[in-house]
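Participant: Below is the file structure.pdb, which contains PDB, C-alpha atoms and all ligand atoms.
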ATOM      1  CA  MET A   1      96.190  46.519-121.003  1.00  0.00           C
ATOM      2  CA  LEU A   2      92.958  47.924-119.615  1.00  0.00           C
ATOM      3  CA  ILE A   3      90.707  50.632-121.022  1.00  0.00           C
ATOM      4  CA  PHE A   4      89.582  53.146-118.414  1.00  0.00           C
ATOM      5  CA  ALA A   5      86.003  54.016-119.430  1.00  0.00           C
ATOM      6  CA  SER A   6      85.997  57.692-118.410  1.00  0.00           C
ATOM      7  CA  ASN A   7      85.680  60.993-120.224  1.00  0.00           C
ATOM      8  CA  ASN A   8      86.903  62.910-117.192  1.00  0.00           C
ATOM      9  CA  GLU A   9      90.524  63.933-117.868  1.00  0.00           C
ATOM     10  CA  ASN A  10      91.148  64.680-114.161  1.00  0.00           C
ATOM     11  CA  LYS A  11      90.144  61.170-113.164  1.00  0.00           C
ATOM     12  CA  VAL A  12      92.317  59.722-115.928  1.00  0.00           C
ATOM     13  CA  LYS A  13      95.330  61.703-114.659  1.00  0.00           C
ATOM     14  CA  GLU A  14      94.792  60.560-111.059  1.00  0.00           C
ATOM     15  CA  VAL A  15      94.323  56.921-112.022  1.00  0.00           C
ATOM     16  CA  ASN A  16      97.353  56.981-114.316  1.00  0.00           C
ATOM     17  CA  ALA A  17      99.478  58.405-111.511  1.00  0.00           C
ATOM     18  CA  LEU A  18      98.280  55.588-109.220  1.00  0.00           C
ATOM     19  CA  LEU A  19      98.955  52.864-111.778  1.00  0.00           C
ATOM     20  CA  HIS A  20     102.088  54.327-113.318  1.00  0.00           C
ATOM     21  CA  GLY A  21     104.626  51.626-114.017  1.00  0.00           C
ATOM     22  CA  ILE A  22     102.304  48.930-112.621  1.00  0.00           C
ATOM     23  CA  MET A  23      99.729  48.508-115.338  1.00  0.00           C
ATOM     24  CA  GLU A  24      99.060  50.048-118.720  1.00  0.00           C
ATOM     25  CA  VAL A  25      95.768  51.907-118.801  1.00  0.00           C
ATOM     26  CA  ILE A  26      94.389  53.859-121.745  1.00  0.00           C
ATOM     27  CA  SER A  27      91.567  56.376-121.551  1.00  0.00           C
ATOM     28  CA  LEU A  28      88.481  56.386-123.779  1.00  0.00           C
ATOM     29  CA  LYS A  29      90.019  59.230-125.760  1.00  0.00           C
ATOM     30  CA  GLU A  30      93.239  57.273-126.289  1.00  0.00           C
ATOM     31  CA  ALA A  31      91.158  54.255-127.342  1.00  0.00           C
ATOM     32  CA  GLY A  32      89.494  56.495-129.955  1.00  0.00           C
ATOM     33  CA  ILE A  33      86.066  56.304-128.303  1.00  0.00           C
ATOM     34  CA  MET A  34      84.258  59.630-128.230  1.00  0.00           C
ATOM     35  CA  GLN A  35      80.946  58.379-126.910  1.00  0.00           C
ATOM     36  CA  ASP A  36      79.287  60.087-123.967  1.00  0.00           C
ATOM     37  CA  ILE A  37      78.027  57.340-121.671  1.00  0.00           C
ATOM     38  CA  PRO A  38      74.724  57.982-119.883  1.00  0.00           C
ATOM     39  CA  GLU A  39      74.552  57.787-116.074  1.00  0.00           C
ATOM     40  CA  PRO A  40      70.790  57.518-115.513  1.00  0.00           C
ATOM     41  CA  PHE A  41      70.627  55.349-112.397  1.00  0.00           C
ATOM     42  CA  LEU A  42      70.061  55.974-108.697  1.00  0.00           C
ATOM     43  CA  THR A  43      73.207  54.237-107.483  1.00  0.00           C
ATOM     44  CA  LEU A  44      76.921  54.630-108.179  1.00  0.00           C
ATOM     45  CA  GLU A  45      77.072  50.857-108.622  1.00  0.00           C
ATOM     46  CA  GLU A  46      74.542  50.791-111.497  1.00  0.00           C
ATOM     47  CA  ASN A  47      76.108  53.790-113.232  1.00  0.00           C
ATOM     48  CA  ALA A  48      79.587  52.274-113.003  1.00  0.00           C
ATOM     49  CA  THR A  49      78.287  48.997-114.469  1.00  0.00           C
ATOM     50  CA  THR A  50      76.605  50.820-117.362  1.00  0.00           C
ATOM     51  CA  LYS A  51      79.786  52.669-118.240  1.00  0.00           C
ATOM     52  CA  SER A  52      82.016  49.580-118.275  1.00  0.00           C
ATOM     53  CA  ALA A  53      79.374  47.406-119.976  1.00  0.00           C
ATOM     54  CA  THR A  54      78.893  50.007-122.729  1.00  0.00           C
ATOM     55  CA  ILE A  55      82.617  50.099-123.472  1.00  0.00           C
ATOM     56  CA  TYR A  56      82.889  46.310-123.300  1.00  0.00           C
ATOM     57  CA  GLN A  57      80.058  45.971-125.814  1.00  0.00           C
ATOM     58  CA  LEU A  58      81.749  48.479-128.110  1.00  0.00           C
ATOM     59  CA  THR A  59      85.272  47.084-127.936  1.00  0.00           C
ATOM     60  CA  GLY A  60      85.093  43.524-126.585  1.00  0.00           C
ATOM     61  CA  ARG A  61      88.122  44.436-124.466  1.00  0.00           C
ATOM     62  CA  ASP A  62      88.815  44.306-120.735  1.00  0.00           C
ATOM     63  CA  CYS A  63      87.963  47.636-119.177  1.00  0.00           C
ATOM     64  CA  PHE A  64      86.957  49.414-116.014  1.00  0.00           C
ATOM     65  CA  SER A  65      84.947  52.480-115.141  1.00  0.00           C
ATOM     66  CA  GLU A  66      84.243  54.345-111.960  1.00  0.00           C
ATOM     67  CA  ASP A  67      81.435  56.474-110.602  1.00  0.00           C
ATOM     68  CA  THR A  68      82.021  58.815-107.690  1.00  0.00           C
ATOM     69  CA  GLY A  69      79.680  60.772-105.445  1.00  0.00           C
ATOM     70  CA  LEU A  70      80.001  63.182-102.550  1.00  0.00           C
ATOM     71  CA  GLU A  71      77.706  62.026 -99.720  1.00  0.00           C
ATOM     72  CA  VAL A  72      76.990  64.738 -97.148  1.00  0.00           C
ATOM     73  CA  GLN A  73      75.637  63.619 -93.772  1.00  0.00           C
ATOM     74  CA  ALA A  74      73.527  66.717 -93.004  1.00  0.00           C
ATOM     75  CA  LEU A  75      71.933  66.403 -96.472  1.00  0.00           C
ATOM     76  CA  ASP A  76      70.980  62.749 -95.981  1.00  0.00           C
ATOM     77  CA  GLY A  77      73.677  61.597 -98.391  1.00  0.00           C
ATOM     78  CA  ARG A  78      73.033  64.137-101.147  1.00  0.00           C
ATOM     79  CA  PRO A  79      74.282  65.048-103.713  1.00  0.00           C
ATOM     80  CA  GLY A  80      75.560  61.439-103.905  1.00  0.00           C
ATOM     81  CA  VAL A  81      74.960  59.828-107.262  1.00  0.00           C
ATOM     82  CA  LYS A  82      73.775  63.200-108.589  1.00  0.00           C
ATOM     83  CA  SER A  83      77.025  64.994-107.697  1.00  0.00           C
ATOM     84  CA  ALA A  84      77.762  65.982-111.309  1.00  0.00           C
ATOM     85  CA  ARG A  85      74.215  67.252-111.892  1.00  0.00           C
ATOM     86  CA  TYR A  86      73.588  68.730-108.424  1.00  0.00           C
ATOM     87  CA  ASN A  87      73.086  72.251-109.779  1.00  0.00           C
ATOM     88  CA  GLU A  88      71.388  71.251-113.015  1.00  0.00           C
ATOM     89  CA  GLU A  89      68.508  73.685-112.516  1.00  0.00           C
ATOM     90  CA  GLY A  90      71.222  76.350-112.717  1.00  0.00           C
ATOM     91  CA  VAL A  91      69.854  78.363-109.787  1.00  0.00           C
ATOM     92  CA  PHE A  92      73.309  78.550-108.198  1.00  0.00           C
ATOM     93  CA  GLY A  93      76.589  79.550-109.822  1.00  0.00           C
ATOM     94  CA  SER A  94      78.126  76.109-109.398  1.00  0.00           C
ATOM     95  CA  ASN A  95      77.740  72.792-107.613  1.00  0.00           C
ATOM     96  CA  ILE A  96      79.990  74.111-104.842  1.00  0.00           C
ATOM     97  CA  ASP A  97      77.851  77.263-104.445  1.00  0.00           C
ATOM     98  CA  LYS A  98      74.752  75.117-104.046  1.00  0.00           C
ATOM     99  CA  LEU A  99      76.466  72.825-101.529  1.00  0.00           C
ATOM    100  CA  LEU A 100      77.666  75.716 -99.360  1.00  0.00           C
ATOM    101  CA  PHE A 101      74.214  77.300 -99.517  1.00  0.00           C
ATOM    102  CA  GLU A 102      72.519  74.090 -98.402  1.00  0.00           C
ATOM    103  CA  LEU A 103      75.008  73.674 -95.552  1.00  0.00           C
ATOM    104  CA  LYS A 104      74.757  77.273 -94.337  1.00  0.00           C
ATOM    105  CA  ASN A 105      74.503  77.368 -90.510  1.00  0.00           C
ATOM    106  CA  LYS A 106      74.650  73.574 -90.340  1.00  0.00           C
ATOM    107  CA  PRO A 107      77.170  72.508 -87.685  1.00  0.00           C
ATOM    108  CA  ASN A 108      77.507  68.963 -89.025  1.00  0.00           C
ATOM    109  CA  ARG A 109      79.921  69.274 -91.990  1.00  0.00           C
ATOM    110  CA  SER A 110      80.782  65.557 -92.214  1.00  0.00           C
ATOM    111  CA  ALA A 111      80.881  64.081 -95.691  1.00  0.00           C
ATOM    112  CA  ARG A 112      82.478  61.323 -97.656  1.00  0.00           C
ATOM    113  CA  PHE A 113      83.531  60.698-101.213  1.00  0.00           C
ATOM    114  CA  ARG A 114      82.587  57.232-102.400  1.00  0.00           C
ATOM    115  CA  THR A 115      84.022  55.674-105.548  1.00  0.00           C
ATOM    116  CA  VAL A 116      82.736  52.485-107.122  1.00  0.00           C
ATOM    117  CA  ILE A 117      84.895  50.812-109.756  1.00  0.00           C
ATOM    118  CA  SER A 118      83.333  48.345-112.178  1.00  0.00           C
ATOM    119  CA  LEU A 119      85.875  46.044-113.832  1.00  0.00           C
ATOM    120  CA  ILE A 120      84.992  43.800-116.755  1.00  0.00           C
ATOM    121  CA  MET A 121      87.578  41.098-117.154  1.00  0.00           C
ATOM    122  CA  ASN A 122      87.111  38.166-119.540  1.00  0.00           C
ATOM    123  CA  GLY A 123      83.434  39.091-119.823  1.00  0.00           C
ATOM    124  CA  LYS A 124      82.743  39.047-116.058  1.00  0.00           C
ATOM    125  CA  GLU A 125      82.048  42.041-113.830  1.00  0.00           C
ATOM    126  CA  PHE A 126      83.708  42.790-110.469  1.00  0.00           C
ATOM    127  CA  GLN A 127      83.167  45.863-108.273  1.00  0.00           C
ATOM    128  CA  PHE A 128      85.435  47.662-105.804  1.00  0.00           C
ATOM    129  CA  GLU A 129      84.645  50.526-103.428  1.00  0.00           C
ATOM    130  CA  GLY A 130      86.796  53.300-101.969  1.00  0.00           C
ATOM    131  CA  ILE A 131      85.637  55.744 -99.293  1.00  0.00           C
ATOM    132  CA  CYS A 132      87.292  58.919 -98.039  1.00  0.00           C
ATOM    133  CA  ASN A 133      85.726  60.571 -94.970  1.00  0.00           C
ATOM    134  CA  GLY A 134      86.159  64.255 -94.283  1.00  0.00           C
ATOM    135  CA  GLN A 135      84.624  67.660 -93.646  1.00  0.00           C
ATOM    136  CA  ILE A 136      83.088  70.329 -95.875  1.00  0.00           C
ATOM    137  CA  THR A 137      84.683  73.749 -95.370  1.00  0.00           C
ATOM    138  CA  GLU A 138      82.776  77.042 -95.004  1.00  0.00           C
ATOM    139  CA  ALA A 139      84.405  78.416 -98.177  1.00  0.00           C
ATOM    140  CA  PRO A 140      86.401  77.026-101.131  1.00  0.00           C
ATOM    141  CA  LYS A 141      90.183  76.876-100.717  1.00  0.00           C
ATOM    142  CA  GLY A 142      92.789  76.105-103.367  1.00  0.00           C
ATOM    143  CA  HIS A 143      92.637  75.660-107.110  1.00  0.00           C
ATOM    144  CA  GLY A 144      93.997  72.137-107.433  1.00  0.00           C
ATOM    145  CA  GLY A 145      92.079  68.979-108.234  1.00  0.00           C
ATOM    146  CA  PHE A 146      88.575  69.193-109.663  1.00  0.00           C
ATOM    147  CA  GLY A 147      84.900  69.094-108.767  1.00  0.00           C
ATOM    148  CA  TYR A 148      84.284  69.470-105.025  1.00  0.00           C
ATOM    149  CA  ASP A 149      87.994  69.305-104.083  1.00  0.00           C
ATOM    150  CA  PRO A 150      88.260  72.953-102.880  1.00  0.00           C
ATOM    151  CA  VAL A 151      85.627  72.389-100.153  1.00  0.00           C
ATOM    152  CA  PHE A 152      86.679  68.950 -98.877  1.00  0.00           C
ATOM    153  CA  ILE A 153      89.255  68.312 -96.124  1.00  0.00           C
ATOM    154  CA  PRO A 154      89.947  64.580 -95.804  1.00  0.00           C
ATOM    155  CA  ASP A 155      90.254  63.170 -92.274  1.00  0.00           C
ATOM    156  CA  GLY A 156      93.891  63.319 -91.167  1.00  0.00           C
ATOM    157  CA  ALA A 157      94.707  66.393 -93.289  1.00  0.00           C
ATOM    158  CA  LYS A 158      94.643  70.112 -92.497  1.00  0.00           C
ATOM    159  CA  VAL A 159      93.947  71.443 -95.974  1.00  0.00           C
ATOM    160  CA  THR A 160      91.409  70.790 -98.725  1.00  0.00           C
ATOM    161  CA  PHE A 161      92.031  68.477-101.674  1.00  0.00           C
ATOM    162  CA  GLY A 162      92.034  71.707-103.701  1.00  0.00           C
ATOM    163  CA  GLU A 163      95.130  72.869-101.819  1.00  0.00           C
ATOM    164  CA  MET A 164      97.007  69.605-102.417  1.00  0.00           C
ATOM    165  CA  GLU A 165      99.215  68.420-105.248  1.00  0.00           C
ATOM    166  CA  MET A 166      97.774  65.362-106.995  1.00  0.00           C
ATOM    167  CA  ASP A 167     100.248  63.015-105.268  1.00  0.00           C
ATOM    168  CA  GLU A 168      99.125  64.239-101.863  1.00  0.00           C
ATOM    169  CA  LYS A 169      95.434  63.876-102.738  1.00  0.00           C
ATOM    170  CA  ASN A 170      96.226  60.383-103.964  1.00  0.00           C
ATOM    171  CA  GLN A 171      97.509  59.437-100.493  1.00  0.00           C
ATOM    172  CA  TYR A 172      94.045  59.948 -99.002  1.00  0.00           C
ATOM    173  CA  SER A 173      91.553  59.658-101.771  1.00  0.00           C
ATOM    174  CA  HIS A 174      88.502  57.468-102.330  1.00  0.00           C
ATOM    175  CA  ARG A 175      89.781  56.823-105.866  1.00  0.00           C
ATOM    176  CA  LYS A 176      93.163  55.659-104.588  1.00  0.00           C
ATOM    177  CA  LYS A 177      91.470  53.209-102.174  1.00  0.00           C
ATOM    178  CA  ALA A 178      89.233  51.763-104.893  1.00  0.00           C
ATOM    179  CA  VAL A 179      92.177  51.486-107.320  1.00  0.00           C
ATOM    180  CA  ALA A 180      94.259  49.727-104.618  1.00  0.00           C
ATOM    181  CA  GLN A 181      91.543  47.072-104.347  1.00  0.00           C
ATOM    182  CA  LEU A 182      91.380  46.727-108.119  1.00  0.00           C
ATOM    183  CA  LEU A 183      95.140  46.176-108.249  1.00  0.00           C
ATOM    184  CA  ASN A 184      95.057  43.677-105.433  1.00  0.00           C
ATOM    185  CA  PHE A 185      92.315  41.740-107.224  1.00  0.00           C
ATOM    186  CA  LEU A 186      94.203  41.722-110.531  1.00  0.00           C
ATOM    187  CA  LYS A 187      97.338  40.554-108.769  1.00  0.00           C
ATOM    188  CA  THR A 188      95.747  37.768-106.760  1.00  0.00           C
ATOM    189  CA  THR A 189      93.261  36.569-109.389  1.00  0.00           C
ATOM    190  CA  TYR A 190      95.141  37.029-112.637  1.00  0.00           C
ATOM    191  CA  GLY A 191      98.717  37.274-111.430  1.00  0.00           C
ATOM    192  CA  LYS A 192      99.089  40.678-113.078  1.00  0.00           C
ATOM    193  CA  ASN A 193     101.460  43.128-111.491  1.00  0.00           C
TER     194      ASN A 193
HETATM  195  P1  LIG B 201      83.023  59.830-116.173  1.00  0.00           P
HETATM  196  O1  LIG B 201      83.289  60.022-117.635  1.00  0.00           O
HETATM  197  O2  LIG B 201      84.075  58.970-115.526  1.00  0.00           O
HETATM  198  O3  LIG B 201      81.633  59.376-115.872  1.00  0.00           O
HETATM  199  P2  LIG B 201      82.210  62.250-114.745  1.00  0.00           P
HETATM  200  O4  LIG B 201      82.845  63.593-114.694  1.00  0.00           O
HETATM  201  O5  LIG B 201      80.822  62.119-115.314  1.00  0.00           O
HETATM  202  O6  LIG B 201      83.233  61.282-115.516  1.00  0.00           O
HETATM  203  P3  LIG B 201      81.260  61.296-112.128  1.00  0.00           P
HETATM  204  O7  LIG B 201      79.883  61.168-112.643  1.00  0.00           O
HETATM  205  O8  LIG B 201      81.833  60.129-111.390  1.00  0.00           O
HETATM  206  O9  LIG B 201      82.295  61.638-113.297  1.00  0.00           O
HETATM  207  O10 LIG B 201      81.448  62.581-111.220  1.00  0.00           O
HETATM  208  C1  LIG B 201      80.535  62.950-110.267  1.00  0.00           C
HETATM  209  C2  LIG B 201      80.766  64.327-109.748  1.00  0.00           C
HETATM  210  O11 LIG B 201      81.601  64.260-108.602  1.00  0.00           O
HETATM  211  C3  LIG B 201      81.391  65.361-110.687  1.00  0.00           C
HETATM  212  O12 LIG B 201      80.758  66.598-110.428  1.00  0.00           O
HETATM  213  C4  LIG B 201      82.826  65.435-110.256  1.00  0.00           C
HETATM  214  O13 LIG B 201      83.356  66.722-110.446  1.00  0.00           O
HETATM  215  C5  LIG B 201      82.725  65.085-108.768  1.00  0.00           C
HETATM  216  N1  LIG B 201      83.907  64.331-108.362  1.00  0.00           N
HETATM  217  C6  LIG B 201      84.221  63.064-108.730  1.00  0.00           C
HETATM  218  N2  LIG B 201      85.400  62.712-108.187  1.00  0.00           N
HETATM  219  C7  LIG B 201      85.833  63.773-107.468  1.00  0.00           C
HETATM  220  C8  LIG B 201      86.993  64.024-106.713  1.00  0.00           C
HETATM  221  O14 LIG B 201      87.956  63.133-106.594  1.00  0.00           O
HETATM  222  N3  LIG B 201      87.117  65.210-106.131  1.00  0.00           N
HETATM  223  C9  LIG B 201      86.156  66.154-106.243  1.00  0.00           C
HETATM  224  N4  LIG B 201      85.037  66.005-106.957  1.00  0.00           N
HETATM  225  C10 LIG B 201      84.877  64.815-107.576  1.00  0.00           C
END
Will you turn the file into structure tokens for me?
Facilitator:
Amino acid sequence: MLIFASNNENKVKEVNALLHGIMEVISLKEAGIMQDIPEPFLTLEENATTKSATIYQLTGRDCFSEDTGLEVQALDGRPGVKSARYNEEGVFGSNIDKLLFELKNKPNRSARFRTVISLIMNGKEFQFEGICNGQITEAPKGHGGFGYDPVFIPDGAKVTFGEMEMDEKNQYSHRKKAVAQLLNFLKTTYGKN
């Protein structure tokens, strides 16, 4: 059994759907851990490591965390690692409002979600990355998913993540790709299935 070091219920749902019947994963809440883990660093990799290392130190148990950012080409990769705190000055209504404002009249709408998973297994750390390329829409569409989902159309799809059911999002998503690598690693290295 692995602890998933996340306080984000949406992430926990998506990861559980991906691992359902393959591996038992419990969230921080289910593990009885209420701690908010800081994400002070400038890279997804360092933040992911901090989250899993914090939970490993607390529990001594195998665990994994993930950090995700939306990297927008016309904004030189912003908001990136600061995706959760993009609108922290509170000048805009929401992160999405700020993103659409910054992209106003910009023809290049290319962006990608990047997820970094940090796994701690038997005291050692391993990282896995998942990337989903796509386009930022002119306006939000759909109420599904979370975060930036209503303004992101993944390559190969016609609608935003916000207009998809979770299973459909999970066919394309950055998180799904990172989790697939995690599973492959666990299978080949530890014979878990
Ligand atoms: P943790 O407890 O796992 O750290 P968190 O909510 O702090 O949860 P992140 O720092 O990884 O998670 O999230 C960064 C931001 O990116 C945050 O604003 C999310 O809403 C957004 N985000 C992450 N994954 C996303 C996804 O799949 N679709 C849309 N937005 C996403």
Participant: As JSON, please: the centre and edge lengths in Å, to one decimal, of an axis-aligned box enclosing every listed atom of ligand LIG 201 (chain B) with 3 Å added on each side.
Facilitator:
{"center_x": 83.9, "center_y": 62.8, "center_z": -111.9, "size_x": 14.1, "size_y": 13.8, "size_z": 17.5}
Participant: Evaluated on this file, the PyMOL selection byres (((chain A and resi 23) around 9) and not hetatm) picks out some residues - which ones are they, written as a list of chain:residue names?
Facilitator: A:Met1, A:Leu2, A:Asn16, A:Leu19, A:His20, A:Gly21, A:Ile22, A:Glu24, A:Val25, A:Leu183, A:Lys192, A:Asn193
Participant: Evaluate the PyMOL selection byres (((chain A and resi 166) around 8) and not hetatm) here and jot the selected residues down as a VMD selection string.
Facilitator: chain A and resid 14 144 to 145 164 to 165 167 to 170
Participant: Distance limit 9 Å, reference ligand LIG 201 (chain B), atoms considered: all atoms listed in the file. Which residues make the cut? Give them as a VMD selection string.
Facilitator: chain A and resid 4 to 12 14 28 36 to 39 44 47 to 48 51 65 to 70 79 to 86 95 113 to 116 145 to 152 161 to 162 169 173 to 175
Participant: Could those selected residues go to a file with C-alpha atoms, as an mmCIF file, keeping the file's coordinate frame?
Facilitator:
data_model
loop_
_atom_site.group_PDB
_atom_site.id
_atom_site.type_symbol
_atom_site.label_atom_id
_atom_site.label_comp_id
_atom_site.auth_asym_id
_atom_site.auth_seq_id
_atom_site.Cartn_x
_atom_site.Cartn_y
_atom_site.Cartn_z
ATOM 1 C CA PHE A 4 89.582 53.146 -118.414
ATOM 2 C CA ALA A 5 86.003 54.016 -119.430
ATOM 3 C CA SER A 6 85.997 57.692 -118.410
ATOM 4 C CA ASN A 7 85.680 60.993 -120.224
ATOM 5 C CA ASN A 8 86.903 62.910 -117.192
ATOM 6 C CA GLU A 9 90.524 63.933 -117.868
ATOM 7 C CA ASN A 10 91.148 64.680 -114.161
ATOM 8 C CA LYS A 11 90.144 61.170 -113.164
ATOM 9 C CA VAL A 12 92.317 59.722 -115.928
ATOM 10 C CA GLU A 14 94.792 60.560 -111.059
ATOM 11 C CA LEU A 28 88.481 56.386 -123.779
ATOM 12 C CA ASP A 36 79.287 60.087 -123.967
ATOM 13 C CA ILE A 37 78.027 57.340 -121.671
ATOM 14 C CA PRO A 38 74.724 57.982 -119.883
ATOM 15 C CA GLU A 39 74.552 57.787 -116.074
ATOM 16 C CA LEU A 44 76.921 54.630 -108.179
ATOM 17 C CA ASN A 47 76.108 53.790 -113.232
ATOM 18 C CA ALA A 48 79.587 52.274 -113.003
ATOM 19 C CA LYS A 51 79.786 52.669 -118.240
ATOM 20 C CA SER A 65 84.947 52.480 -115.141
ATOM 21 C CA GLU A 66 84.243 54.345 -111.960
ATOM 22 C CA ASP A 67 81.435 56.474 -110.602
ATOM 23 C CA THR A 68 82.021 58.815 -107.690
ATOM 24 C CA GLY A 69 79.680 60.772 -105.445
ATOM 25 C CA LEU A 70 80.001 63.182 -102.550
ATOM 26 C CA PRO A 79 74.282 65.048 -103.713
ATOM 27 C CA GLY A 80 75.560 61.439 -103.905
ATOM 28 C CA VAL A 81 74.960 59.828 -107.262
ATOM 29 C CA LYS A 82 73.775 63.200 -108.589
ATOM 30 C CA SER A 83 77.025 64.994 -107.697
ATOM 31 C CA ALA A 84 77.762 65.982 -111.309
ATOM 32 C CA ARG A 85 74.215 67.252 -111.892
ATOM 33 C CA TYR A 86 73.588 68.730 -108.424
ATOM 34 C CA ASN A 95 77.740 72.792 -107.613
ATOM 35 C CA PHE A 113 83.531 60.698 -101.213
ATOM 36 C CA ARG A 114 82.587 57.232 -102.400
ATOM 37 C CA THR A 115 84.022 55.674 -105.548
ATOM 38 C CA VAL A 116 82.736 52.485 -107.122
ATOM 39 C CA GLY A 145 92.079 68.979 -108.234
ATOM 40 C CA PHE A 146 88.575 69.193 -109.663
ATOM 41 C CA GLY A 147 84.900 69.094 -108.767
ATOM 42 C CA TYR A 148 84.284 69.470 -105.025
ATOM 43 C CA ASP A 149 87.994 69.305 -104.083
ATOM 44 C CA PRO A 150 88.260 72.953 -102.880
ATOM 45 C CA VAL A 151 85.627 72.389 -100.153
ATOM 46 C CA PHE A 152 86.679 68.950 -98.877
ATOM 47 C CA PHE A 161 92.031 68.477 -101.674
ATOM 48 C CA GLY A 162 92.034 71.707 -103.701
ATOM 49 C CA LYS A 169 95.434 63.876 -102.738
ATOM 50 C CA SER A 173 91.553 59.658 -101.771
ATOM 51 C CA HIS A 174 88.502 57.468 -102.330
ATOM 52 C CA ARG A 175 89.781 56.823 -105.866
#
Participant: Which residue out of A:Cys63, A:Ile33, A:Ile117, A:Leu100 has the minimum interatomic distance to Lys176 of chain A when all atoms listed in the file are used?
Facilitator: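 Closest candidate: A:Ile117.
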Participant: Just say which residues the PyMOL selection byres (((chain A and resi 111) around 9) and not hetatm) picks in this file, as a PyMOL selection string.
Facilitator: chain A and resi 70-74+77+108-110+112-113+132-136+152
